Structure formats: C-alpha cells, structure tokens
>>> print(open('target.csv').read())   # CSV, C-alpha atoms and all ligand atoms
chain,number,residue,atom,x,y,z
A,1,MET,CA,41.9,47.4,-4.6
A,2,PRO,CA,40.5,45.9,-7.8
A,3,GLN,CA,36.7,45.8,-8.0
A,4,THR,CA,36.2,42.2,-9.1
A,5,ILE,CA,38.1,38.9,-9.1
A,6,ALA,CA,38.5,39.2,-12.8
A,7,ASP,CA,40.1,42.6,-12.4
A,8,ALA,CA,42.4,41.3,-9.7
A,9,ILE,CA,43.5,38.3,-11.8
A,10,ALA,CA,44.3,40.7,-14.7
A,11,GLN,CA,46.4,42.8,-12.4
A,12,VAL,CA,48.3,39.8,-11.0
A,13,ARG,CA,48.9,38.5,-14.6
A,14,ALA,CA,50.2,42.0,-15.5
A,15,ARG,CA,52.6,41.8,-12.5
A,16,ILE,CA,53.8,38.4,-13.6
A,17,GLY,CA,54.2,39.7,-17.1
A,18,SER,CA,56.3,42.7,-16.1
A,19,ALA,CA,58.4,40.6,-13.7
A,20,CYS,CA,59.1,38.2,-16.6
A,21,ARG,CA,60.1,41.1,-18.9
A,22,GLU,CA,62.3,42.6,-16.1
A,23,ALA,CA,64.0,39.2,-15.7
A,24,GLY,CA,64.5,38.7,-19.5
A,25,ARG,CA,62.3,35.6,-19.3
A,26,PRO,CA,59.6,34.8,-21.9
A,27,GLU,CA,56.0,35.9,-21.2
A,28,GLY,CA,54.1,32.8,-20.1
A,29,ALA,CA,57.1,31.3,-18.4
A,30,VAL,CA,55.3,31.6,-15.1
A,31,MET,CA,52.0,30.0,-14.3
A,32,LEU,CA,49.5,31.5,-11.9
A,33,LEU,CA,48.1,29.3,-9.2
A,34,ALA,CA,45.2,31.0,-7.5
A,35,VAL,CA,45.2,30.2,-3.8
A,36,SER,CA,41.6,29.8,-2.8
A,37,LYS,CA,41.9,28.6,0.7
A,38,THR,CA,39.1,29.9,3.0
A,39,GLN,CA,37.3,31.4,0.0
A,40,PRO,CA,33.9,30.1,-0.9
A,41,ALA,CA,33.3,27.9,-4.0
A,42,ALA,CA,31.4,30.9,-5.6
A,43,ALA,CA,34.7,32.9,-5.6
A,44,VAL,CA,36.5,30.1,-7.3
A,45,ALA,CA,33.7,29.9,-9.8
A,46,GLU,CA,34.1,33.6,-10.5
A,47,ALA,CA,37.8,33.2,-11.0
A,48,ALA,CA,37.1,30.2,-13.3
A,49,ASP,CA,34.7,32.4,-15.3
A,50,ALA,CA,37.6,34.8,-15.7
A,51,GLY,CA,39.7,32.1,-17.2
A,52,GLN,CA,41.7,30.9,-14.2
A,53,ARG,CA,42.2,27.1,-14.2
A,54,ALA,CA,44.5,26.1,-11.4
A,55,PHE,CA,43.6,26.6,-7.7
A,56,GLY,CA,45.6,26.0,-4.6
A,57,GLU,CA,44.1,24.7,-1.3
A,58,ASN,CA,45.6,24.1,2.2
A,59,TYR,CA,43.0,22.1,3.9
A,60,VAL,CA,42.0,18.6,2.7
A,61,GLN,CA,38.3,18.6,3.3
A,62,GLU,CA,37.9,22.1,1.9
A,63,MET,CA,39.7,21.1,-1.3
A,64,VAL,CA,37.6,18.0,-1.6
A,65,ASP,CA,34.4,19.9,-1.1
A,66,LYS,CA,35.2,22.6,-3.7
A,67,ALA,CA,36.5,20.1,-6.2
A,68,HIS,CA,33.1,18.3,-6.0
A,69,ALA,CA,31.1,21.5,-6.0
A,70,LEU,CA,32.9,22.6,-9.2
A,71,ALA,CA,33.4,19.2,-10.9
A,72,GLY,CA,33.1,19.3,-14.7
A,73,ARG,CA,34.6,22.7,-15.1
A,74,GLY,CA,38.0,21.4,-16.0
A,75,LEU,CA,39.7,22.9,-13.0
A,76,GLU,CA,43.1,21.8,-11.6
A,77,TRP,CA,43.5,21.3,-7.9
A,78,HIS,CA,46.8,21.8,-6.1
A,79,PHE,CA,47.2,20.8,-2.5
A,80,ILE,CA,49.7,23.2,-1.0
A,81,GLY,CA,49.2,22.8,2.8
A,82,PRO,CA,50.8,20.6,5.5
A,83,LEU,CA,49.7,17.0,4.9
A,84,GLN,CA,49.4,14.5,7.7
A,85,SER,CA,49.8,10.8,6.8
A,86,ASN,CA,46.2,9.9,7.9
A,87,LYS,CA,44.9,12.4,5.3
A,88,THR,CA,46.7,11.4,2.2
A,89,ARG,CA,43.9,9.3,0.6
A,90,PRO,CA,41.4,12.0,-0.2
A,91,VAL,CA,44.4,14.1,-1.5
A,92,ALA,CA,45.6,11.2,-3.7
A,93,GLU,CA,42.1,10.8,-5.0
A,94,THR,CA,41.2,14.4,-5.6
A,95,ALA,CA,44.3,16.5,-6.3
A,96,ASP,CA,46.2,17.0,-9.6
A,97,TRP,CA,49.2,18.3,-7.8
A,98,VAL,CA,50.7,18.2,-4.3
A,99,HIS,CA,53.3,20.9,-3.5
A,100,SER,CA,54.0,20.0,0.1
A,101,VAL,CA,55.8,16.6,0.1
A,102,GLU,CA,58.4,16.9,2.8
A,103,ARG,CA,58.8,13.2,4.0
A,104,LEU,CA,59.1,10.0,2.1
A,105,LYS,CA,56.3,8.3,4.1
A,106,ILE,CA,53.8,10.9,2.8
A,107,ALA,CA,55.0,10.3,-0.8
A,108,GLU,CA,54.7,6.5,-0.5
A,109,ARG,CA,51.2,6.8,0.8
A,110,LEU,CA,50.2,9.2,-2.0
A,111,SER,CA,51.7,6.9,-4.6
A,112,ALA,CA,50.0,3.8,-3.2
A,113,GLN,CA,46.6,5.6,-2.9
A,114,ARG,CA,46.6,7.2,-6.3
A,115,PRO,CA,43.6,5.7,-8.1
A,116,ALA,CA,44.7,3.4,-11.0
A,117,GLY,CA,42.6,5.2,-13.5
A,118,ARG,CA,44.2,8.5,-13.0
A,119,PRO,CA,47.5,9.8,-14.3
A,120,PRO,CA,50.4,9.9,-11.8
A,121,LEU,CA,50.0,12.7,-9.2
A,122,ASN,CA,52.3,15.6,-9.9
A,123,VAL,CA,54.4,16.4,-6.8
A,124,LEU,CA,56.9,18.9,-5.6
A,125,VAL,CA,59.3,18.4,-2.7
A,126,GLN,CA,58.9,21.3,-0.2
A,127,VAL,CA,62.2,22.6,1.0
A,128,ASN,CA,62.6,24.7,4.1
A,129,VAL,CA,64.9,27.4,2.7
A,130,SER,CA,64.6,29.6,5.8
A,131,GLY,CA,66.1,27.4,8.4
A,132,GLU,CA,64.5,27.8,11.8
A,133,ALA,CA,62.3,30.6,10.7
A,134,SER,CA,59.9,28.1,9.1
A,135,LYS,CA,58.8,24.6,10.2
A,136,SER,CA,57.5,23.2,6.9
A,137,GLY,CA,59.6,21.4,4.3
A,138,CYS,CA,62.7,19.2,4.4
A,139,ALA,CA,66.1,20.6,5.1
A,140,PRO,CA,67.9,21.7,1.9
A,141,GLU,CA,70.7,19.1,2.5
A,142,ASP,CA,68.0,16.4,2.5
A,143,ALA,CA,66.1,17.6,-0.6
A,144,LEU,CA,68.0,15.8,-3.3
A,145,GLU,CA,67.8,12.4,-1.6
A,146,LEU,CA,64.1,12.8,-1.0
A,147,ALA,CA,63.5,13.9,-4.5
A,148,ARG,CA,65.4,10.9,-5.9
A,149,ALA,CA,63.2,8.6,-3.8
A,150,VAL,CA,60.0,10.3,-4.8
A,151,ALA,CA,61.0,10.0,-8.5
A,152,CYS,CA,60.9,6.2,-8.1
A,153,LEU,CA,57.3,6.0,-6.9
A,154,PRO,CA,55.0,4.7,-9.6
A,155,GLY,CA,51.9,6.7,-8.6
A,156,LEU,CA,53.7,10.0,-8.6
A,157,CYS,CA,55.4,12.3,-11.1
A,158,LEU,CA,58.2,14.4,-9.6
A,159,ARG,CA,57.8,17.8,-11.2
A,160,GLY,CA,60.2,19.9,-9.0
A,161,LEU,CA,60.5,21.9,-5.8
A,162,MET,CA,58.5,24.3,-3.7
A,163,CYS,CA,59.4,26.8,-0.9
A,164,ILE,CA,57.8,29.3,1.4
A,165,PRO,CA,60.5,31.8,2.6
A,166,GLU,CA,59.8,33.8,5.7
A,167,PRO,CA,58.2,37.2,4.9
A,168,SER,CA,60.9,39.8,4.2
A,169,ASP,CA,61.2,43.2,2.7
A,170,ASP,CA,64.9,42.6,2.1
A,171,ALA,CA,65.5,41.8,-1.5
A,172,ALA,CA,68.9,40.1,-0.7
A,173,VAL,CA,67.2,37.8,1.8
A,174,LEU,CA,64.5,36.8,-0.7
A,175,ALA,CA,67.0,36.3,-3.5
A,176,ALA,CA,69.1,34.0,-1.3
A,177,ARG,CA,66.1,32.0,-0.2
A,178,PHE,CA,64.7,31.6,-3.7
A,179,GLY,CA,68.2,31.0,-5.0
A,180,THR,CA,68.6,28.0,-2.7
A,181,LEU,CA,65.6,26.3,-4.4
A,182,THR,CA,66.8,27.3,-7.9
A,183,ARG,CA,70.2,25.7,-7.2
A,184,LEU,CA,68.7,22.5,-5.9
A,185,GLN,CA,66.5,22.2,-9.0
A,186,ALA,CA,69.6,22.7,-11.2
A,187,ALA,CA,71.3,19.9,-9.3
A,188,LEU,CA,68.4,17.6,-10.0
A,189,GLN,CA,68.4,18.5,-13.7
A,190,ALA,CA,72.1,17.9,-13.8
A,191,GLU,CA,71.4,14.3,-12.5
A,192,GLY,CA,69.0,13.8,-15.4
A,193,TYR,CA,65.6,14.4,-13.7
A,194,ALA,CA,63.1,16.0,-16.0
A,195,VAL,CA,61.9,18.5,-13.3
A,196,ASP,CA,60.2,21.6,-14.8
A,197,THR,CA,58.4,23.3,-11.9
A,198,LEU,CA,59.7,25.7,-9.3
A,199,SER,CA,56.7,26.7,-7.1
A,200,MET,CA,57.8,29.9,-5.4
A,201,GLY,CA,56.4,33.4,-4.9
A,202,MET,CA,53.2,34.7,-3.3
A,203,SER,CA,51.3,38.0,-3.3
A,204,ALA,CA,54.0,39.9,-1.5
A,205,ASP,CA,57.1,38.5,-3.2
A,206,LEU,CA,56.2,37.2,-6.6
A,207,GLU,CA,58.5,39.6,-8.4
A,208,ALA,CA,61.6,38.4,-6.5
A,209,ALA,CA,60.5,34.8,-7.1
A,210,VAL,CA,60.1,35.3,-10.8
A,211,ALA,CA,63.5,37.0,-11.0
A,212,ALA,CA,65.0,33.9,-9.3
A,213,GLY,CA,63.4,31.5,-11.8
A,214,SER,CA,60.0,30.6,-10.4
A,215,THR,CA,57.7,28.8,-12.9
A,216,MET,CA,54.6,28.9,-10.7
A,217,VAL,CA,53.5,31.6,-8.3
A,218,ARG,CA,50.9,30.8,-5.6
A,219,VAL,CA,48.8,33.9,-5.1
A,220,GLY,CA,45.9,34.2,-2.7
A,221,THR,CA,45.3,37.7,-1.3
A,222,ALA,CA,46.1,39.6,-4.5
A,223,VAL,CA,43.5,37.5,-6.4
A,224,PHE,CA,40.7,37.1,-3.9
A,225,GLY,CA,41.3,39.9,-1.4
A,226,ALA,CA,41.8,39.3,2.3
A,227,ARG,CA,40.8,35.9,3.4
A,228,THR,CA,37.3,35.6,4.8
A,229,TYR,CA,38.3,34.0,8.0
A,230,PRO,CA,41.7,33.5,9.6
A,231,GLN,CA,43.6,30.4,8.7
A,232,THR,CA,43.6,29.3,12.4
A,233,GLU,CA,39.8,29.0,12.2
A,234,ALA,CA,39.7,27.2,8.9
A,235,PRO,CA,38.6,23.5,9.0
A,236,GLN,CA,41.3,21.6,10.7
A,237,GLU,CA,42.9,18.5,9.3
A,238,GLY,CA,41.4,15.5,11.0
A,239,SER,CA,38.1,17.3,12.0
A,240,THR,CA,36.1,15.3,9.5
A,241,PRO,CA,35.0,11.7,9.8
B,1,LIG,C1,48.1,31.0,1.7
B,1,LIG,C2,49.3,30.5,0.9
B,1,LIG,C3,49.7,31.2,-0.3
B,1,LIG,C4,49.1,32.5,-0.7
B,1,LIG,O1,49.5,33.6,0.1
B,1,LIG,P1,49.1,35.1,-0.3
B,1,LIG,O2,50.1,35.9,0.5
B,1,LIG,O3,47.7,35.3,0.2
B,1,LIG,O4,49.3,35.3,-1.7
B,1,LIG,C5,50.7,30.7,-1.0
B,1,LIG,N1,51.3,29.5,-0.7
B,1,LIG,C6,50.9,28.8,0.4
B,1,LIG,C7,51.6,27.5,0.8
B,1,LIG,C8,49.9,29.3,1.2
B,1,LIG,O5,49.6,28.6,2.3
>>> encode(input="target.csv", output="structure tokens")
Amino acid sequence: MPQTIADAIAQVRARIGSACREAGRPEGAVMLLAVSKTQPAAAVAEAADAGQRAFGENYVQEMVDKAHALAGRGLEWHFIGPLQSNKTRPVAETADWVHSVERLKIAERLSAQRPAGRPPLNVLVQVNVSGEASKSGCAPEDALELARAVACLPGLCLRGLMCIPEPSDDAAVLAARFGTLTRLQAALQAEGYAVDTLSMGMSADLEAAVAAGSTMVRVGTAVFGARTYPQTEAPQEGSTP
C-alpha cells in the first residue's frame, strides 16, 4: 500500500495514464474523481493538497458537511449515491455534479431547486447495465428517453451517463457492461446531444472502463485506503432534520 494519500493519488493517476496509452487514447482523456465517502474532511484536505480537485460523495449530509468544512478551496463536489426525492434540495444547492439521476422526478426537483445564482447542475443519467444484479439506475431501454427529458430541464446540464456494473473478474463481462453505456452515449451524440462524460470505472475495474471509453473514473479505496467504517453504518439519508 502507498504511504500517503499523495502517493496513492500518484499511483492511481499512473494506472489511468497507462490504461489510456494501452487503449490508444490521449493522456488526460480520463478525469479522476476521488470518492471520499466515509473519509474525514482531513483526508479530503490532504488529497486537495496533493492537487486533487473533484470529490465524490454518496450521502447527502456527509457531502454538505465536507463541502462547508472545505469551502474556499475550489473543490468540486459530485453526488454519486442513491438520491431520495425528499433529499434533493441540499444536493441541488451544494453539488457541482450528480451522477445518479435514474428517474425524471428526481431530475425535475434538482432543476427546480438549483439556486438561480449558480450555473446549471451537471448531471449524468445512471443506467443499470447489469440487469437484476444491481438495483440502481434506469433500465438501458429507458435511458435515452430519460436523458432527452433531463436535457430539457433549465436548471440542469446533461453531461452524459454513469454505471456501476456488478463486480467481476471476467474481462468479457466488464467489456459488455461498459460497452452498453458507451453505445447509449453514442446514440445520444448521434441525436445531437453534446454529452461528453462517461462516468465508469472504480478501484477494481478502471482499466476495463478506460478501455471501453470512460472519461471519468470514480476511485475510493485505491486513493484513501479501506473505508473507515462500513457503508451500512454511514449516516443514512433522512437521518438529519
Ligand atoms: C464507493 C463508490 C465508488 C468507489 O469505489 P472503490 O471500489 O472504493 O473505488 C465508486 N462509485 C460509487 C457509486 C461508489 O458508491
């Protein structure tokens, strides 16, 4: 294991760089989103000191707390977790991106609640590319219709698609899952949508995702080490007043 968060970030960036070379894609074609869920603000600050700007969070209150604690450092906050409709307001007010739009109702609320003084919220439609193996995300056959509707909402800027395939050691399975997202993105582009972001790939599968065309990998464990407490014990949505 790397000694420091700075070392870990350098190693992950090296992995991304070699995956890009391997795939014949330009260096810098893939952005690193550091997934800081369950990590203390001090760890995010350490990553920021190492030059990392974009951070991903899964829990609304945890994101809001860290964004406030680290305000003024020019960080970018990406909400990547399941989002309930009664929790959209703090996300619309705090986040720069939301990766987990899977229903039109959530998108409509985010758009309506985006503060007027801020640029439109960047959003990705989350697609369930693994069928029954995963519960989050819209069905692939519904993704284009949802994306078209999201693109019409004034408070949002549709940037592309996101997926979380089931964990697999099988390169063919991963290629098929990531390939589904890549094909849907190409279909949107063919319709004239200026979508530029494919959020796919995590600590264990970022090479496969980059090979399939990812433009943003969401990496937690390989940057921060094992999470400090299990996700099931993290602050739950709805637990705050
Ligand atoms: C936790 C999480 C990640 C990061 O996973 P690692 O395996 O720790 O890299 C990426 N995306 C989402 C949506 C997550 O919830």
>>> residues_around(input="target.csv", residues="Cys138 in chain A", least_positions_apart="2", cutoff="7 Å", atoms="only C-alpha atoms", output="PyMOL selection string")
chain A and resi 102+126-128+140+142-143
>>> residues_around(input="target.csv", residues="Gly137 in chain A", least_positions_apart="6", cutoff="12 Å", atoms="all atoms listed in the file", output="VMD selection string")
chain A and resid 80 to 83 99 to 104 124 to 131 143 146 161 to 165 181
>>> residues_around(input="target.csv", residues="range 208-212 of chain A", least_positions_apart="6", cutoff="8 Å", atoms="only C-alpha atoms", output="tab-separated table (two decimals) with C-alpha atoms, in the coordinates of the input")
chain	number	residue	atom	x	y	z
A	16	ILE	CA	53.80	38.40	-13.60
A	19	ALA	CA	58.40	40.60	-13.70
A	20	CYS	CA	59.10	38.20	-16.60
A	22	GLU	CA	62.30	42.60	-16.10
A	23	ALA	CA	64.00	39.20	-15.70
A	30	VAL	CA	55.30	31.60	-15.10
A	171	ALA	CA	65.50	41.80	-1.50
A	174	LEU	CA	64.50	36.80	-0.70
A	175	ALA	CA	67.00	36.30	-3.50
A	178	PHE	CA	64.70	31.60	-3.70
A	179	GLY	CA	68.20	31.00	-5.00
A	182	THR	CA	66.80	27.30	-7.90
A	200	MET	CA	57.80	29.90	-5.40
A	201	GLY	CA	56.40	33.40	-4.90
>>> residues_near_point(input="target.csv", point="(39.5, 27.3, -3.3)", cutoff="7 Å", atoms="all atoms listed in the file", output="ChimeraX atom specification")
/A:35-41,44,55-57,63,66
>>> write_last_selection(input="target.csv", atoms="C-alpha atoms", output="PDB file, in the coordinates of the input")
ATOM      1  CA  VAL A  35      45.200  30.200  -3.800  1.00  0.00           C
ATOM      2  CA  SER A  36      41.600  29.800  -2.800  1.00  0.00           C
ATOM      3  CA  LYS A  37      41.900  28.600   0.700  1.00  0.00           C
ATOM      4  CA  THR A  38      39.100  29.900   3.000  1.00  0.00           C
ATOM      5  CA  GLN A  39      37.300  31.400   0.000  1.00  0.00           C
ATOM      6  CA  PRO A  40      33.900  30.100  -0.900  1.00  0.00           C
ATOM      7  CA  ALA A  41      33.300  27.900  -4.000  1.00  0.00           C
ATOM      8  CA  VAL A  44      36.500  30.100  -7.300  1.00  0.00           C
ATOM      9  CA  PHE A  55      43.600  26.600  -7.700  1.00  0.00           C
ATOM     10  CA  GLY A  56      45.600  26.000  -4.600  1.00  0.00           C
ATOM     11  CA  GLU A  57      44.100  24.700  -1.300  1.00  0.00           C
ATOM     12  CA  MET A  63      39.700  21.100  -1.300  1.00  0.00           C
ATOM     13  CA  LYS A  66      35.200  22.600  -3.700  1.00  0.00           C
TER      14      LYS A  66
END
>>> atom_distance(input="target.csv", atom1="CA of Glu62 in chain A", atom2="CA of Ala29 in chain A")
29.4 Å
>>> closest_atom_pairs(input="target.csv", of="chain A", to="ligand LIG 1 (chain B)", cutoff="6 Å", atoms="all atoms listed in the file", output="Markdown table")
| residue | atom | partner | partner_atom | distance |
| --- | --- | --- | --- | --- |
| A:Val35 | CA | B:LIG1 | C4 | 5.5 |
| A:Ile80 | CA | B:LIG1 | C7 | 5.0 |
| A:Gly81 | CA | B:LIG1 | C7 | 5.6 |
| A:Met202 | CA | B:LIG1 | O4 | 4.3 |
| A:Ser203 | CA | B:LIG1 | O4 | 3.7 |
| A:Ala204 | CA | B:LIG1 | O2 | 5.9 |
| A:Arg218 | CA | B:LIG1 | C5 | 4.6 |
| A:Val219 | CA | B:LIG1 | O4 | 3.7 |
| A:Gly220 | CA | B:LIG1 | O3 | 3.6 |
| A:Thr221 | CA | B:LIG1 | O3 | 3.7 |
>>> atom_distance(input="target.csv", atom1="CA of Pro90 in chain A", atom2="CA of Leu158 in chain A")
19.4 Å
>>> atom_distance(input="target.csv", atom1="CA of Val64 in chain A", atom2="CA of His78 in chain A")
10.9 Å
>>> residues_around(input="target.csv", residues="range 189-194 of chain A", least_positions_apart="3", cutoff="9 Å", atoms="all atoms listed in the file", output="PyMOL selection string")
chain A and resi 148+151+158-160+184-186
>>> write_last_selection(input="target.csv", atoms="C-alpha atoms", output="compact mmCIF listing (two decimals), keeping the file's coordinate frame")
# COMPACT_ATOMS: atom_id res chain seq x y z
CA ARG A 148 65.40 10.90 -5.90
CA ALA A 151 61.00 10.00 -8.50
CA LEU A 158 58.20 14.40 -9.60
CA ARG A 159 57.80 17.80 -11.20
CA GLY A 160 60.20 19.90 -9.00
CA LEU A 184 68.70 22.50 -5.90
CA GLN A 185 66.50 22.20 -9.00
CA ALA A 186 69.60 22.70 -11.20
>>> closest_residue(input="target.csv", among="A:Asp96, A:Glu141, A:Asp7, A:Asp196", to="Pro119 in chain A", atoms="all atoms listed in the file")
A:Asp96
>>> residues_near_point(input="target.csv", point="(49.2, 4.2, -0.4)", cutoff="12 Å", atoms="only C-alpha atoms", output="PyMOL selection string")
chain A and resi 85-93+104-116+153-156
>>> write_last_selection(input="target.csv", atoms="C-alpha atoms", output="PDB file, in the coordinates of the input")
ATOM      1  CA  SER A  85      49.800  10.800   6.800  1.00  0.00           C
ATOM      2  CA  ASN A  86      46.200   9.900   7.900  1.00  0.00           C
ATOM      3  CA  LYS A  87      44.900  12.400   5.300  1.00  0.00           C
ATOM      4  CA  THR A  88      46.700  11.400   2.200  1.00  0.00           C
ATOM      5  CA  ARG A  89      43.900   9.300   0.600  1.00  0.00           C
ATOM      6  CA  PRO A  90      41.400  12.000  -0.200  1.00  0.00           C
ATOM      7  CA  VAL A  91      44.400  14.100  -1.500  1.00  0.00           C
ATOM      8  CA  ALA A  92      45.600  11.200  -3.700  1.00  0.00           C
ATOM      9  CA  GLU A  93      42.100  10.800  -5.000  1.00  0.00           C
ATOM     10  CA  LEU A 104      59.100  10.000   2.100  1.00  0.00           C
ATOM     11  CA  LYS A 105      56.300   8.300   4.100  1.00  0.00           C
ATOM     12  CA  ILE A 106      53.800  10.900   2.800  1.00  0.00           C
ATOM     13  CA  ALA A 107      55.000  10.300  -0.800  1.00  0.00           C
ATOM     14  CA  GLU A 108      54.700   6.500  -0.500  1.00  0.00           C
ATOM     15  CA  ARG A 109      51.200   6.800   0.800  1.00  0.00           C
ATOM     16  CA  LEU A 110      50.200   9.200  -2.000  1.00  0.00           C
ATOM     17  CA  SER A 111      51.700   6.900  -4.600  1.00  0.00           C
ATOM     18  CA  ALA A 112      50.000   3.800  -3.200  1.00  0.00           C
ATOM     19  CA  GLN A 113      46.600   5.600  -2.900  1.00  0.00           C
ATOM     20  CA  ARG A 114      46.600   7.200  -6.300  1.00  0.00           C
ATOM     21  CA  PRO A 115      43.600   5.700  -8.100  1.00  0.00           C
ATOM     22  CA  ALA A 116      44.700   3.400 -11.000  1.00  0.00           C
ATOM     23  CA  LEU A 153      57.300   6.000  -6.900  1.00  0.00           C
ATOM     24  CA  PRO A 154      55.000   4.700  -9.600  1.00  0.00           C
ATOM     25  CA  GLY A 155      51.900   6.700  -8.600  1.00  0.00           C
ATOM     26  CA  LEU A 156      53.700  10.000  -8.600  1.00  0.00           C
TER      27      LEU A 156
END
